[in-house]
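Here is the structure we will look at.
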Amino acid sequence: MPESDSRGTPLATLYQEMILDHYRRPRNKATLPDADVTVERTNPLCGDLIELSLAFDGDHVRAAVWRGQGCSISSASASMMTQAIIGGTCSQARSVAARFGEMLSGDRDAAVDEALGDLRALSGVARYPMRIKCALLPWSALEEGMGRKEG
Amino acid sequence: MTSLAPRSDFPIFATHPGLRYLDSAATSQKPRAVLDAIRSYYGEDNANPHRGAYELSVRATERYHGARERIARFCGVADADCIIFTRGTTEAINLVASAWGRANIGVGDEVIVTGMEHHANFVPWQQIAFEQGARFRICELTSDGRIDLDELRAMLGRHTRVVAFNHVSNALGTINPVREIAELVRERSDALIVCDGAQGAPHLPVDFDSLGVDFYAFSGHKMCGPMGIGALIGRRGTLESMPPYQTGGDMIEFVLDYRTTWNVLPHKFEAGTPNVGGAVGLAAAADYLDSLGMGAVRAHELKLVEMASGALGDLEGVHIYGPPPADRSGAISFTFGDIHPHDLATILDGNGVCIRAGHHCAQPLMRRLGVAATARASFYIYNDESDIEALLGALKHARELFGHAGV
């Protein structure tokens with residue numbers, strides 16, 4: 001089997017163990033009966049669907065859970081995103097979201113920024129334009145959810 | 001086994017030597033003959049047809065007219081004026097739903113489609129039924145992915161106004177018994193019968209005049225022709241009784257200050273400057289396919305599908321949707337363990353194999369199958385055994401990358 005794909009990118013960089021682990025053992029995949037906001041997002045191109053529920057304690061994200069169906073990239077992204085934002089402030093969540101977006105746009109500094117933690121495992125997605133939308137699906141739900149909280 | 005058409009006829013395979021193109025159900029590759037025909041039209045005969053009194057315009061008109069006659073021959077249509085050129089299947093079905101539907105569907109009527117339709121043969125009917133106050137009904141499928149004819153029989157009656165179904169399912173590959181369905185509908189109702197031939201015309205011999213349907217629609221780009229051209233085939237009486245779909249240039253007879261009369265067929269349904277280059281390309285595609293023989297095209301795809309479903313079936317964790325190879329066209333929808341179809345498509349692409357992953361513009365079908373998406377490999381005249389081997393090799397690579405296929 002070829003070690004790398006037609007772009008010269010090793011597919012193994014995209015499908016890292018950590019991503020597959022979050023895909024097969026998703027974290028915070030549940031429902032949240034006392035959620036403050038619940039947002040549903042779909043990708044009409046592929047039919048992937050994510051529902052994100054958030055609960056706030058003042059300016060802090062007290063709980064973040066998700067459910068839905070999607071590929072390994074969107075699922076791992078949702079799983080890691082909830083881990084990254086739980087317990088932090090909304091403004092911290094926003095800055096992680098912004099940095100994550102930069103990483104997917106190909107920003108190499110962002111790809112090694114420790115502030116992104118495990119999310120850096122998704123840096124390989126930047127090389128696959130068709131899959132960036134998958135990785136961003138849960139984050140677009142987060143943006144909408146936090147916007148609604150303020151609104 | 002070798003491909004039916006020489007790959008050297010298709011410039012894309014020279015540009016991308018390692019290309020394993022298994023997505024012809026989405027769009028086919030184009031033979032040089034088609035590209036040459038389009039170039040020759042624009043380079044030698046281009047002018048606005050039906051308008052100019054000069055020779056070049058006459059030549060453009062003749063090329064357009066000749067293309068229509070060629071398509072009529074390809075589809076077994078005696079009356080070439082009953083071929084309406086459209087942008088493709090989607091526009092063709094919208095034309096019928098809109099023009100025929102607004103004039104003929106009313107409160108209390110029923111519009112029937114099936115659970116395996118592409119959105120292009122589902123949404124226009126759902127919407128026109130809603131607009132006209134009619135009841136929209138969906139005929140369910142059997143467990144092996146065919147139209148449930150017993151259910152259809154029970155649904156038909158004096159309220160049935162339209163029955164719309166595909167010749168071949170784009171997602172399952174199922175070949176539907178068009179003639180049998182048409183006879184059933186005629187026996188039990190006066191409904192208009194509309195057949196979506198987007199996956200039929202490219203893969204099977206089509207003889208419209210003996211199919212028994214009122215309308216048949218297809219797209220050029222899935223049958224070696226260019227994008228942006230397709231056709232609606234109808235019956236003269238029905239077409240003449242219908243109001244126009246779009247209005248504007250070319251489709252008029254006289255425009256009076258407060259009233260307009262319509263041009264004759266086929267122009268009445270072709271408003272605006274027509275896609276002559278597209279029609280010429282489509283006619284060249286018909287030449288190309290007829291030179292191979294549509295019977296041979298079908299036989300070639302059957303061999304590939306038999307071979308591929310056997311090989312895929314041997315791979316643990318593969319689940320194939322739809323009927324056995326003998327009843328399917330050149331498409332195989334499948335899932336592979338817990339590897340999401342999108343991940344599969346990315347990994348296969350990394351191995352030079354192009355397949356489609358997703359809902360295949362058939363979300364109602366995906367719900368019935370109980371999945372959000374499937375992977376689909378589809379074959380055509382330029383595919384051969386080595387493409388199937390490449391597909392299998394890439395699937396094994398996917399299984400390695402995912403550690404196991406979760407099976």
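Naming works like this for the structure tokens: A, B, ... for the chains as they're shown, residue 1 at the start of each chain, ligands 1 onward in shown order.
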- [ ] Please provide as number ranges by chain all residues within 9 Å of Pro138 in chain A, with the sequence filter that same-chain residues fewer than 3 positions apart are discarded (counting only C-alpha atoms).
- [x] A: 41, 50-52, 66, 74-75, 77-79, 81, 134-135, 141-143
Open item on the list: Set the cut-off to 12 Å and count only C-alpha atoms: what are the residues of chain A that reach chain B? Output as number ranges by chain.
Closed with: A: 1-21, 23-24, 42-49, 68-75, 125, 127-131, 133-134
Determine which residues of chain A DSSP labels as helix (DSSP H, G or I) from the backbone of this structure, then write them out as a PDB file with N, CA and C atoms, in the first residue's frame.
ATOM      1  N   LEU A  11      -1.662   9.626   4.599  1.00  0.00           N
ATOM      2  CA  LEU A  11      -3.027   9.527   5.123  1.00  0.00           C
ATOM      3  C   LEU A  11      -2.991   9.282   6.627  1.00  0.00           C
ATOM      4  N   ALA A  12      -1.876   8.673   7.076  1.00  0.00           N
ATOM      5  CA  ALA A  12      -1.759   8.394   8.502  1.00  0.00           C
ATOM      6  C   ALA A  12      -1.703   9.682   9.327  1.00  0.00           C
ATOM      7  N   THR A  13      -1.283  10.793   8.695  1.00  0.00           N
ATOM      8  CA  THR A  13      -1.278  12.080   9.397  1.00  0.00           C
ATOM      9  C   THR A  13      -2.706  12.551   9.641  1.00  0.00           C
ATOM     10  N   LEU A  14      -3.556  12.249   8.675  1.00  0.00           N
ATOM     11  CA  LEU A  14      -4.960  12.638   8.828  1.00  0.00           C
ATOM     12  C   LEU A  14      -5.641  11.741   9.857  1.00  0.00           C
ATOM     13  N   GLU A  17      -4.097   8.127  15.492  1.00  0.00           N
ATOM     14  CA  GLU A  17      -4.699   7.269  16.519  1.00  0.00           C
ATOM     15  C   GLU A  17      -5.679   8.053  17.391  1.00  0.00           C
ATOM     16  N   MET A  18      -5.302   9.287  17.728  1.00  0.00           N
ATOM     17  CA  MET A  18      -6.154  10.065  18.621  1.00  0.00           C
ATOM     18  C   MET A  18      -7.526  10.366  17.995  1.00  0.00           C
ATOM     19  N   ILE A  19      -7.512  10.611  16.685  1.00  0.00           N
ATOM     20  CA  ILE A  19      -8.771  10.895  16.005  1.00  0.00           C
ATOM     21  C   ILE A  19      -9.648   9.647  15.980  1.00  0.00           C
ATOM     22  N   LEU A  20      -9.031   8.515  15.661  1.00  0.00           N
ATOM     23  CA  LEU A  20      -9.789   7.266  15.626  1.00  0.00           C
ATOM     24  C   LEU A  20     -10.299   6.908  17.017  1.00  0.00           C
ATOM     25  N   ASP A  21      -9.513   7.240  18.029  1.00  0.00           N
ATOM     26  CA  ASP A  21      -9.938   6.954  19.399  1.00  0.00           C
ATOM     27  C   ASP A  21     -11.179   7.784  19.763  1.00  0.00           C
ATOM     28  N   HIS A  22     -11.166   9.067  19.405  1.00  0.00           N
ATOM     29  CA  HIS A  22     -12.335   9.915  19.685  1.00  0.00           C
ATOM     30  C   HIS A  22     -13.539   9.496  18.839  1.00  0.00           C
ATOM     31  N   TYR A  23     -13.266   8.960  17.654  1.00  0.00           N
ATOM     32  CA  TYR A  23     -14.355   8.494  16.777  1.00  0.00           C
ATOM     33  C   TYR A  23     -15.031   7.264  17.393  1.00  0.00           C
ATOM     34  N   ARG A  24     -14.190   6.361  17.899  1.00  0.00           N
ATOM     35  CA  ARG A  24     -14.765   5.100  18.407  1.00  0.00           C
ATOM     36  C   ARG A  24     -15.197   5.187  19.866  1.00  0.00           C
ATOM     37  N   SER A  72     -15.373  10.337  10.919  1.00  0.00           N
ATOM     38  CA  SER A  72     -14.414  10.358  12.021  1.00  0.00           C
ATOM     39  C   SER A  72     -13.925  11.782  12.288  1.00  0.00           C
ATOM     40  N   ILE A  73     -13.824  12.580  11.238  1.00  0.00           N
ATOM     41  CA  ILE A  73     -13.297  13.936  11.408  1.00  0.00           C
ATOM     42  C   ILE A  73     -14.286  14.813  12.175  1.00  0.00           C
ATOM     43  N   SER A  74     -15.565  14.804  11.769  1.00  0.00           N
ATOM     44  CA  SER A  74     -16.526  15.662  12.460  1.00  0.00           C
ATOM     45  C   SER A  74     -16.789  15.137  13.875  1.00  0.00           C
ATOM     46  N   SER A  75     -16.810  13.818  14.034  1.00  0.00           N
ATOM     47  CA  SER A  75     -17.057  13.250  15.365  1.00  0.00           C
ATOM     48  C   SER A  75     -15.902  13.556  16.316  1.00  0.00           C
ATOM     49  N   ALA A  76     -14.671  13.327  15.846  1.00  0.00           N
ATOM     50  CA  ALA A  76     -13.512  13.589  16.701  1.00  0.00           C
ATOM     51  C   ALA A  76     -13.422  15.070  17.030  1.00  0.00           C
ATOM     52  N   SER A  77     -13.763  15.904  16.054  1.00  0.00           N
ATOM     53  CA  SER A  77     -13.718  17.345  16.272  1.00  0.00           C
ATOM     54  C   SER A  77     -14.724  17.743  17.359  1.00  0.00           C
ATOM     55  N   ALA A  78     -15.930  17.181  17.311  1.00  0.00           N
ATOM     56  CA  ALA A  78     -16.949  17.491  18.310  1.00  0.00           C
ATOM     57  C   ALA A  78     -16.524  16.988  19.681  1.00  0.00           C
ATOM     58  N   SER A  79     -16.005  15.774  19.701  1.00  0.00           N
ATOM     59  CA  SER A  79     -15.591  15.162  20.960  1.00  0.00           C
ATOM     60  C   SER A  79     -14.491  15.995  21.627  1.00  0.00           C
ATOM     61  N   MET A  80     -13.469  16.356  20.857  1.00  0.00           N
ATOM     62  CA  MET A  80     -12.355  17.133  21.408  1.00  0.00           C
ATOM     63  C   MET A  80     -12.773  18.556  21.742  1.00  0.00           C
ATOM     64  N   MET A  81     -13.686  19.096  20.935  1.00  0.00           N
ATOM     65  CA  MET A  81     -14.133  20.473  21.185  1.00  0.00           C
ATOM     66  C   MET A  81     -14.801  20.572  22.546  1.00  0.00           C
ATOM     67  N   THR A  82     -15.689  19.625  22.845  1.00  0.00           N
ATOM     68  CA  THR A  82     -16.382  19.700  24.136  1.00  0.00           C
ATOM     69  C   THR A  82     -15.358  19.599  25.269  1.00  0.00           C
ATOM     70  N   GLN A  83     -14.379  18.710  25.126  1.00  0.00           N
ATOM     71  CA  GLN A  83     -13.346  18.599  26.164  1.00  0.00           C
ATOM     72  C   GLN A  83     -12.593  19.911  26.343  1.00  0.00           C
ATOM     73  N   ALA A  84     -12.363  20.589  25.225  1.00  0.00           N
ATOM     74  CA  ALA A  84     -11.548  21.805  25.276  1.00  0.00           C
ATOM     75  C   ALA A  84     -12.276  22.980  25.927  1.00  0.00           C
ATOM     76  N   ILE A  85     -13.597  22.988  25.861  1.00  0.00           N
ATOM     77  CA  ILE A  85     -14.308  24.195  26.327  1.00  0.00           C
ATOM     78  C   ILE A  85     -14.983  24.034  27.693  1.00  0.00           C
ATOM     79  N   CYS A  90     -16.481  31.613  28.330  1.00  0.00           N
ATOM     80  CA  CYS A  90     -16.936  31.734  26.942  1.00  0.00           C
ATOM     81  C   CYS A  90     -15.865  32.409  26.097  1.00  0.00           C
ATOM     82  N   SER A  91     -15.170  33.354  26.685  1.00  0.00           N
ATOM     83  CA  SER A  91     -14.180  34.056  25.869  1.00  0.00           C
ATOM     84  C   SER A  91     -12.995  33.124  25.562  1.00  0.00           C
ATOM     85  N   GLN A  92     -12.685  32.232  26.501  1.00  0.00           N
ATOM     86  CA  GLN A  92     -11.647  31.229  26.200  1.00  0.00           C
ATOM     87  C   GLN A  92     -12.118  30.303  25.068  1.00  0.00           C
ATOM     88  N   ALA A  93     -13.378  29.900  25.132  1.00  0.00           N
ATOM     89  CA  ALA A  93     -13.918  29.020  24.086  1.00  0.00           C
ATOM     90  C   ALA A  93     -13.831  29.709  22.726  1.00  0.00           C
ATOM     91  N   ARG A  94     -14.141  30.989  22.716  1.00  0.00           N
ATOM     92  CA  ARG A  94     -14.066  31.741  21.455  1.00  0.00           C
ATOM     93  C   ARG A  94     -12.643  31.796  20.914  1.00  0.00           C
ATOM     94  N   SER A  95     -11.701  31.982  21.820  1.00  0.00           N
ATOM     95  CA  SER A  95     -10.327  32.106  21.304  1.00  0.00           C
ATOM     96  C   SER A  95      -9.810  30.745  20.820  1.00  0.00           C
ATOM     97  N   VAL A  96     -10.215  29.655  21.482  1.00  0.00           N
ATOM     98  CA  VAL A  96      -9.842  28.326  20.976  1.00  0.00           C
ATOM     99  C   VAL A  96     -10.468  28.113  19.593  1.00  0.00           C
ATOM    100  N   ALA A  97     -11.725  28.509  19.465  1.00  0.00           N
ATOM    101  CA  ALA A  97     -12.422  28.345  18.181  1.00  0.00           C
ATOM    102  C   ALA A  97     -11.694  29.111  17.080  1.00  0.00           C
ATOM    103  N   ALA A  98     -11.274  30.329  17.397  1.00  0.00           N
ATOM    104  CA  ALA A  98     -10.598  31.159  16.394  1.00  0.00           C
ATOM    105  C   ALA A  98      -9.262  30.523  15.999  1.00  0.00           C
ATOM    106  N   ARG A  99      -8.534  30.030  17.018  1.00  0.00           N
ATOM    107  CA  ARG A  99      -7.232  29.425  16.746  1.00  0.00           C
ATOM    108  C   ARG A  99      -7.404  28.139  15.926  1.00  0.00           C
ATOM    109  N   PHE A 100      -8.438  27.377  16.269  1.00  0.00           N
ATOM    110  CA  PHE A 100      -8.722  26.130  15.550  1.00  0.00           C
ATOM    111  C   PHE A 100      -9.009  26.438  14.068  1.00  0.00           C
ATOM    112  N   GLY A 101      -9.783  27.502  13.854  1.00  0.00           N
ATOM    113  CA  GLY A 101     -10.090  27.923  12.487  1.00  0.00           C
ATOM    114  C   GLY A 101      -8.826  28.282  11.722  1.00  0.00           C
ATOM    115  N   GLU A 102      -7.904  28.976  12.428  1.00  0.00           N
ATOM    116  CA  GLU A 102      -6.633  29.350  11.787  1.00  0.00           C
ATOM    117  C   GLU A 102      -5.825  28.112  11.413  1.00  0.00           C
ATOM    118  N   MET A 103      -5.839  27.139  12.331  1.00  0.00           N
ATOM    119  CA  MET A 103      -5.092  25.900  12.059  1.00  0.00           C
ATOM    120  C   MET A 103      -5.623  25.226  10.788  1.00  0.00           C
ATOM    121  N   LEU A 104      -6.959  25.206  10.652  1.00  0.00           N
ATOM    122  CA  LEU A 104      -7.541  24.539   9.484  1.00  0.00           C
ATOM    123  C   LEU A 104      -7.342  25.350   8.201  1.00  0.00           C
ATOM    124  N   ARG A 108       0.603  27.421  10.219  1.00  0.00           N
ATOM    125  CA  ARG A 108       1.504  26.435  10.829  1.00  0.00           C
ATOM    126  C   ARG A 108       1.779  26.720  12.289  1.00  0.00           C
ATOM    127  N   ASP A 109       1.752  28.011  12.660  1.00  0.00           N
ATOM    128  CA  ASP A 109       1.956  28.327  14.076  1.00  0.00           C
ATOM    129  C   ASP A 109       0.804  27.780  14.909  1.00  0.00           C
ATOM    130  N   ALA A 110      -0.397  27.936  14.375  1.00  0.00           N
ATOM    131  CA  ALA A 110      -1.560  27.431  15.104  1.00  0.00           C
ATOM    132  C   ALA A 110      -1.471  25.923  15.288  1.00  0.00           C
ATOM    133  N   ALA A 111      -0.918  25.244  14.272  1.00  0.00           N
ATOM    134  CA  ALA A 111      -0.855  23.781  14.311  1.00  0.00           C
ATOM    135  C   ALA A 111       0.066  23.263  15.416  1.00  0.00           C
ATOM    136  N   GLU A 114       0.201  25.223  21.743  1.00  0.00           N
ATOM    137  CA  GLU A 114      -0.214  24.344  22.837  1.00  0.00           C
ATOM    138  C   GLU A 114      -1.606  24.675  23.347  1.00  0.00           C
ATOM    139  N   ALA A 115      -2.044  25.897  23.099  1.00  0.00           N
ATOM    140  CA  ALA A 115      -3.388  26.285  23.532  1.00  0.00           C
ATOM    141  C   ALA A 115      -4.453  25.382  22.911  1.00  0.00           C
ATOM    142  N   LEU A 116      -4.127  24.752  21.788  1.00  0.00           N
ATOM    143  CA  LEU A 116      -5.112  23.893  21.117  1.00  0.00           C
ATOM    144  C   LEU A 116      -5.110  22.460  21.659  1.00  0.00           C
ATOM    145  N   GLY A 117      -4.089  22.114  22.437  1.00  0.00           N
ATOM    146  CA  GLY A 117      -4.060  20.790  23.055  1.00  0.00           C
ATOM    147  C   GLY A 117      -4.241  19.664  22.042  1.00  0.00           C
ATOM    148  N   ASP A 118      -5.105  18.714  22.403  1.00  0.00           N
ATOM    149  CA  ASP A 118      -5.338  17.550  21.543  1.00  0.00           C
ATOM    150  C   ASP A 118      -5.875  17.918  20.164  1.00  0.00           C
ATOM    151  N   LEU A 119      -6.507  19.052  20.094  1.00  0.00           N
ATOM    152  CA  LEU A 119      -7.122  19.460  18.819  1.00  0.00           C
ATOM    153  C   LEU A 119      -6.102  19.546  17.691  1.00  0.00           C
ATOM    154  N   ARG A 120      -4.831  19.653  18.077  1.00  0.00           N
ATOM    155  CA  ARG A 120      -3.781  19.721  17.054  1.00  0.00           C
ATOM    156  C   ARG A 120      -3.741  18.445  16.210  1.00  0.00           C
ATOM    157  N   ALA A 121      -4.299  17.373  16.751  1.00  0.00           N
ATOM    158  CA  ALA A 121      -4.341  16.120  15.979  1.00  0.00           C
ATOM    159  C   ALA A 121      -5.123  16.289  14.683  1.00  0.00           C
ATOM    160  N   LEU A 122      -5.970  17.332  14.650  1.00  0.00           N
ATOM    161  CA  LEU A 122      -6.779  17.563  13.444  1.00  0.00           C
ATOM    162  C   LEU A 122      -6.091  18.477  12.434  1.00  0.00           C
ATOM    163  N   SER A 123      -4.826  18.839  12.703  1.00  0.00           N
ATOM    164  CA  SER A 123      -4.166  19.795  11.803  1.00  0.00           C
ATOM    165  C   SER A 123      -4.041  19.256  10.374  1.00  0.00           C
ATOM    166  N   GLY A 124      -3.967  17.919  10.243  1.00  0.00           N
ATOM    167  CA  GLY A 124      -3.832  17.322   8.913  1.00  0.00           C
ATOM    168  C   GLY A 124      -5.020  17.603   7.999  1.00  0.00           C
ATOM    169  N   VAL A 125      -6.164  17.948   8.590  1.00  0.00           N
ATOM    170  CA  VAL A 125      -7.374  18.199   7.803  1.00  0.00           C
ATOM    171  C   VAL A 125      -7.173  19.386   6.854  1.00  0.00           C
ATOM    172  N   ALA A 126      -6.287  20.323   7.272  1.00  0.00           N
ATOM    173  CA  ALA A 126      -6.060  21.519   6.449  1.00  0.00           C
ATOM    174  C   ALA A 126      -5.633  21.157   5.029  1.00  0.00           C
ATOM    175  N   ARG A 127      -5.025  19.979   4.863  1.00  0.00           N
ATOM    176  CA  ARG A 127      -4.566  19.560   3.539  1.00  0.00           C
ATOM    177  C   ARG A 127      -5.683  18.960   2.694  1.00  0.00           C
ATOM    178  N   PRO A 129      -9.185  19.987   1.502  1.00  0.00           N
ATOM    179  CA  PRO A 129     -10.218  21.036   1.439  1.00  0.00           C
ATOM    180  C   PRO A 129     -11.645  20.496   1.592  1.00  0.00           C
ATOM    181  N   MET A 130     -11.885  19.296   1.055  1.00  0.00           N
ATOM    182  CA  MET A 130     -13.239  18.758   1.118  1.00  0.00           C
ATOM    183  C   MET A 130     -13.637  18.342   2.536  1.00  0.00           C
ATOM    184  N   ARG A 131     -12.647  18.212   3.412  1.00  0.00           N
ATOM    185  CA  ARG A 131     -12.959  17.714   4.753  1.00  0.00           C
ATOM    186  C   ARG A 131     -12.940  18.796   5.817  1.00  0.00           C
ATOM    187  N   ILE A 132     -12.521  20.022   5.435  1.00  0.00           N
ATOM    188  CA  ILE A 132     -12.451  21.095   6.428  1.00  0.00           C
ATOM    189  C   ILE A 132     -13.842  21.371   7.008  1.00  0.00           C
ATOM    190  N   LYS A 133     -14.838  21.298   6.132  1.00  0.00           N
ATOM    191  CA  LYS A 133     -16.214  21.508   6.574  1.00  0.00           C
ATOM    192  C   LYS A 133     -16.635  20.498   7.642  1.00  0.00           C
ATOM    193  N   CYS A 134     -16.148  19.271   7.506  1.00  0.00           N
ATOM    194  CA  CYS A 134     -16.473  18.227   8.498  1.00  0.00           C
ATOM    195  C   CYS A 134     -15.936  18.656   9.860  1.00  0.00           C
ATOM    196  N   ALA A 135     -14.666  19.087   9.877  1.00  0.00           N
ATOM    197  CA  ALA A 135     -14.026  19.441  11.137  1.00  0.00           C
ATOM    198  C   ALA A 135     -14.665  20.674  11.760  1.00  0.00           C
ATOM    199  N   LEU A 136     -15.196  21.572  10.918  1.00  0.00           N
ATOM    200  CA  LEU A 136     -15.752  22.827  11.427  1.00  0.00           C
ATOM    201  C   LEU A 136     -17.217  22.731  11.848  1.00  0.00           C
ATOM    202  N   LEU A 137     -17.885  21.627  11.470  1.00  0.00           N
ATOM    203  CA  LEU A 137     -19.324  21.511  11.740  1.00  0.00           C
ATOM    204  C   LEU A 137     -19.665  21.746  13.222  1.00  0.00           C
ATOM    205  N   PRO A 138     -18.988  21.048  14.173  1.00  0.00           N
ATOM    206  CA  PRO A 138     -19.326  21.290  15.583  1.00  0.00           C
ATOM    207  C   PRO A 138     -18.992  22.704  16.044  1.00  0.00           C
ATOM    208  N   TRP A 139     -17.968  23.292  15.467  1.00  0.00           N
ATOM    209  CA  TRP A 139     -17.554  24.642  15.873  1.00  0.00           C
ATOM    210  C   TRP A 139     -18.554  25.679  15.390  1.00  0.00           C
ATOM    211  N   SER A 140     -19.178  25.383  14.259  1.00  0.00           N
ATOM    212  CA  SER A 140     -20.191  26.323  13.786  1.00  0.00           C
ATOM    213  C   SER A 140     -21.408  26.246  14.709  1.00  0.00           C
ATOM    214  N   ALA A 141     -21.674  25.054  15.260  1.00  0.00           N
ATOM    215  CA  ALA A 141     -22.754  24.935  16.243  1.00  0.00           C
ATOM    216  C   ALA A 141     -22.395  25.689  17.526  1.00  0.00           C
ATOM    217  N   LEU A 142     -21.118  25.610  17.905  1.00  0.00           N
ATOM    218  CA  LEU A 142     -20.664  26.308  19.121  1.00  0.00           C
ATOM    219  C   LEU A 142     -20.834  27.823  18.976  1.00  0.00           C
ATOM    220  N   GLU A 143     -20.442  28.322  17.820  1.00  0.00           N
ATOM    221  CA  GLU A 143     -20.537  29.763  17.581  1.00  0.00           C
ATOM    222  C   GLU A 143     -21.985  30.230  17.706  1.00  0.00           C
ATOM    223  N   GLU A 144     -22.877  29.462  17.065  1.00  0.00           N
ATOM    224  CA  GLU A 144     -24.297  29.789  17.120  1.00  0.00           C
ATOM    225  C   GLU A 144     -24.804  29.716  18.569  1.00  0.00           C
ATOM    226  N   GLY A 145     -24.382  28.689  19.299  1.00  0.00           N
ATOM    227  CA  GLY A 145     -24.835  28.487  20.681  1.00  0.00           C
ATOM    228  C   GLY A 145     -24.397  29.634  21.590  1.00  0.00           C
ATOM    229  N   MET A 146     -23.167  30.055  21.455  1.00  0.00           N
ATOM    230  CA  MET A 146     -22.684  31.132  22.316  1.00  0.00           C
ATOM    231  C   MET A 146     -23.311  32.465  21.917  1.00  0.00           C
ATOM    232  N   GLY A 147     -23.560  32.607  20.619  1.00  0.00           N
ATOM    233  CA  GLY A 147     -24.235  33.816  20.150  1.00  0.00           C
ATOM    234  C   GLY A 147     -25.637  33.910  20.736  1.00  0.00           C
ATOM    235  N   ARG A 148     -26.322  32.779  20.794  1.00  0.00           N
ATOM    236  CA  ARG A 148     -27.685  32.766  21.333  1.00  0.00           C
ATOM    237  C   ARG A 148     -27.696  33.088  22.819  1.00  0.00           C
ATOM    238  N   LYS A 149     -26.657  32.628  23.516  1.00  0.00           N
ATOM    239  CA  LYS A 149     -26.594  32.889  24.951  1.00  0.00           C
ATOM    240  C   LYS A 149     -26.518  34.397  25.183  1.00  0.00           C
ATOM    241  N   GLU A 150     -25.713  35.039  24.359  1.00  0.00           N
ATOM    242  CA  GLU A 150     -25.555  36.486  24.539  1.00  0.00           C
ATOM    243  C   GLU A 150     -26.780  37.236  24.060  1.00  0.00           C
TER     244      GLU A 150
END
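The shell of residues at most 12 Å from Asp34 in chain A, with only C-alpha atoms counted and near chain neighbours (fewer than 4 positions) removed, consists of A:Thr38, A:Ser53, A:Leu54, A:Ala55, A:Phe56, A:Asp57, A:Arg62, A:Ala63, A:Ala64, A:Val65.
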Task: Residue contacts of Phe85 in chain B (9 Å, only C-alpha atoms) excluding same-chain residues fewer than 6 positions away, as a VMD selection string - done: chain B and resid 68 92 229 to 233 266 269 to 270 274 to 275 279
TODO: List the neighbours of Met155 in chain B out to 9 Å using only C-alpha atoms; skip same-chain residues closer than 2 positions along the sequence, and give me the result as a ChimeraX atom specification.
DONE: /B:112,137,139,150-153,157,160
Task: In range 79-139 of chain B, DSSP strand (DSSP E) residues written as a ChimeraX atom specification - done: /B:83-86,110-114,135-139
For C-alpha atoms, I'd like the residues from the last selection saved as a compact mmCIF listing (two decimals), in the first residue's frame.
# COMPACT_ATOMS: atom_id res chain seq x y z
CA ILE B 83 -37.35 15.82 -27.85
CA ILE B 84 -37.02 18.96 -25.78
CA PHE B 85 -33.46 19.95 -24.98
CA THR B 86 -33.01 21.00 -21.36
CA GLU B 110 -52.62 12.09 -5.75
CA VAL B 111 -49.01 12.29 -6.90
CA ILE B 112 -47.00 9.12 -6.39
CA VAL B 113 -43.22 8.76 -6.32
CA THR B 114 -41.11 5.95 -4.86
CA ARG B 135 -51.75 14.43 -1.84
CA PHE B 136 -48.09 13.40 -2.15
CA ARG B 137 -47.54 9.67 -1.67
CA ILE B 138 -44.42 7.53 -1.54
CA CYS B 139 -44.43 3.93 -2.70
TODO: Go through A:Gly87, A:Glu40, A:Val112, A:Ala30 and flag the residue nearest Arg67 in chain A, using only C-alpha atoms for the distances.
DONE: A:Ala30
